[in-house]
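Colleague: Please read through the structure below; I'll follow up with questions.
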Amino acid sequence: MSGERAVPSQRRELAARLLAARRKPGGDAIPAVPRDAGLLECSPEQRRLWLAAQTDRQVAAPNVTLGLGLSGPLDLGALAKALTGLAERHETLRTVFVNSGGEPRQMILGTPDAPLTLVDLTGDPQAEETALRLATAAAGERFDLASGPMLRLTVYRTAPGEHRLLLAVNHLVCDGGSLGVVARDLAALYSGRELPPPPAVTYADYAAWARARVRAHAGGRLDHWRERLADAPPLLGGEPGLAGDTPRHPDGRLSATTTLHVGTGTMDALRGGPATPFVAVLAAFSVLLHRTTGASGLTVGTVTGTRARRELEPLVGCFINMVPIPLRVEETEGFHAIVARTRAEVGAALAHEVPFDTLTSAVGGRRRPGVHPVFQVALIPQDAPEPPGGWDGLQAFSWSPEVDETAYDLTLAMTPTETGHRLALTHRRDRVPERVAGVLAAGFAELLGALPSAPDVPVGDLALPSLDALARPDTVAAPGAPAGDPRAGAARSAGLADEPGPGSKAARSAEPVDEPVDEEVSAEVRRIWSEVLGVPEIGADADLFDLGGDSLAITRIAARVQESLGVEVPAWMFFETPTIGGFVEALTTFGRSSPGRR
């Protein structure tokens, strides 16, 4: 077919053949890794999540959860045995993570630790509501990555013969795509059905294979990202506090979600041709963000699956990567023109995909505590949930407590339904005020209603009363927004633009430091920073992040400091004192009270 374009049926056939070849075992086979060393290499996906958990709790990925309702006589003993059997079958569920000189390593435990807790609510007149509230809180409870366990099952008894189950698993060992395997295997083990032999390829095998592929292929793709992200747009959220947990809302919730529905007809009109529903929603989302902030350049992140081979399908593990998509919106353009450019940007981003931690290290840029790197807004496509079943003697149904946590300022999740798509807009309450979140949801509904009938009208001319009411002409323009645009100030006044806060570097610069500098400590810190960063001479005022510091550098410096000086350094110290001089001053003070000081 050289020199000819494939007709649609031929393109589909070619795509099917390519996909089949990609998933076919053999050729570039995934080799088994030896298990005699004890510590095993982490996958790129695990490494990214581990680094985030070490350096910045607020942007670490939330737990993966499975909610299930069961009606009938539940045998708790059989359920506990099934949970243990699940961890025995899938070794990721009995894996812990060791800090080895600032790098994570997997340690697979021989004996599974799979705790089950029963919460009896039969005396509570509001048992169902209480179970949802308790499960929402339990879904966000952290796991100890170094000692485990990495999963826990909580059973809420709401009435005799009525139980609600919440299985929470750390994201390093399980992703959303693995939950189908987990649910089916747990039901089969509880019901006493025989399962097929475990897969020949293990997640540890995949981890070593994937890291080798990154080392071989990532380098040629990084130039694309250095160019596309060289002029990254400003942050969409204000700078949060620097230490401690994320501030909670008075009702105790960390985030809130508003849902919208897009019917099939509306989605077809938004697509306007060959674009997928994901591209159409991403284009509409970019228009919403542009109309809110006034910024023409935007970066929206998404997740992609890395389970691209057939032998990986039955594995439980983390097989997701994050990909930034740089977008541009011009007010003079119609929506279908924006869809076409968005489609091209999505294709380019996926063609140059590399592990996200590799990308962030390559493009550099200053990290902000509590702020996700590279992008703070994400569009996450989700599969429709599978109906639960296979629990002998019990009626099983979906039960979905919210995961009250998100790493991004704004997350738009899209899930197919029988009549279209469900869109769930979630915001972090410490980063996006409630008033603004409500306006965004209302404005998005207006936008999705207006675009199908006006696909070629300049998006700047669309009447969106909710978003227009958000803008106030007396506010200060957001960074990067065109001067004189009344919407440009809305971002800063609403908390959607970068501005110094009480914990910012500018605010901290005036704080006095009375502790004397220890010259020996200063010399040792200089040596460690120089070796880790690969910079021979570092001035007292040089900024760690300007020198190329990233999450990996933070964990390596912290490990070296603890080994050399006996002080366990918290990650927030690097953000509060990113210069040698400030870090040594803080370290001298912190070390006197640190229990890890020798």
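Labeling convention for the structure tokens: chains A, B, ... as they appear, residues from 1 per chain, ligands from 1 in order of appearance.
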Would you list the contacts of Ala454 of chain A as a list of chain:residue names, taking every protein, DNA or RNA residue within 10 Å and counting only C-alpha atoms, but skipping same-chain residues closer than 2 positions in sequence?

Modeller: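 Counting only the stated atoms, we get A:Ala269, A:Leu270, A:Gly334, A:Phe335, A:His336, A:Gly449, A:Ala450, A:Leu451, A:Pro452, A:Asp456, A:Val457, A:Pro458, A:Val459, A:Leu462.
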
Colleague: Just to be explicit: take each residue in the selection above, keep C-alpha atoms, and write the result as a compact mmCIF listing (two decimals), in the first residue's frame.

Modeller:
# COMPACT_ATOMS: atom_id res chain seq x y z
CA ALA A 269 -22.01 16.85 17.77
CA LEU A 270 -19.00 17.79 19.89
CA GLY A 334 -14.49 27.89 16.45
CA PHE A 335 -14.77 24.75 18.54
CA HIS A 336 -14.25 22.26 15.72
CA GLY A 449 -25.05 23.00 25.87
CA ALA A 450 -23.90 25.84 23.60
CA LEU A 451 -21.17 24.16 21.53
CA PRO A 452 -23.23 21.62 19.51
CA ASP A 456 -17.87 27.40 14.28
CA VAL A 457 -18.68 30.45 16.41
CA PRO A 458 -15.51 31.94 17.98
CA VAL A 459 -15.35 30.48 21.46
CA LEU A 462 -20.10 32.22 23.32

Colleague: If you take only C-alpha atoms and a cut-off of 12 Å, which residues of segment 113-138 of chain A touch segment 160-165 of chain A, and what are their nearest atom pairs and distances in Å to one decimal, in chain and number order, as a Markdown table?

Modeller:
| residue | atom | partner | partner_atom | distance |
| --- | --- | --- | --- | --- |
| A:Leu116 | CA | A:Leu165 | CA | 10.1 |
| A:Thr117 | CA | A:Leu165 | CA | 9.9 |
| A:Leu118 | CA | A:Leu165 | CA | 9.4 |
| A:Val119 | CA | A:His163 | CA | 9.7 |
| A:Asp120 | CA | A:His163 | CA | 9.3 |
| A:Leu121 | CA | A:His163 | CA | 9.7 |
| A:Thr122 | CA | A:Pro160 | CA | 7.1 |
| A:Gly123 | CA | A:Pro160 | CA | 10.4 |
| A:Ala127 | CA | A:Arg164 | CA | 10.4 |
| A:Glu128 | CA | A:Arg164 | CA | 8.7 |
| A:Glu129 | CA | A:Arg164 | CA | 11.3 |
| A:Thr130 | CA | A:Arg164 | CA | 11.1 |
| A:Ala131 | CA | A:Arg164 | CA | 7.5 |
| A:Leu132 | CA | A:Arg164 | CA | 8.9 |
| A:Leu134 | CA | A:Arg164 | CA | 11.1 |
| A:Ala135 | CA | A:Leu165 | CA | 8.7 |
| A:Thr136 | CA | A:Leu165 | CA | 11.8 |
| A:Ala138 | CA | A:Leu165 | CA | 11.4 |

Colleague: Write out as number ranges by chain the set of residues from segment 195-351 of chain A that DSSP, computed on the backbone, places in alpha helix (DSSP H).

Modeller: A: 203-217, 219-228, 264-271, 277-293, 335-351

Colleague: For Leu288 of chain A, list every protein, DNA or RNA residue within 9 Å, evaluated using only C-alpha atoms, and leave out those in the same chain fewer than 6 positions away; present the list as a ChimeraX atom specification.

Modeller: /A:440,443-444,447,467

Colleague: Return as an MDAnalysis selection string the full set of residues in segment 166-401 of chain A whose backbone-based DSSP assignment is strand (DSSP E or B).

Modeller: chainID A and resid 166:169 255:263 297:305 320:328 377:381 395:398
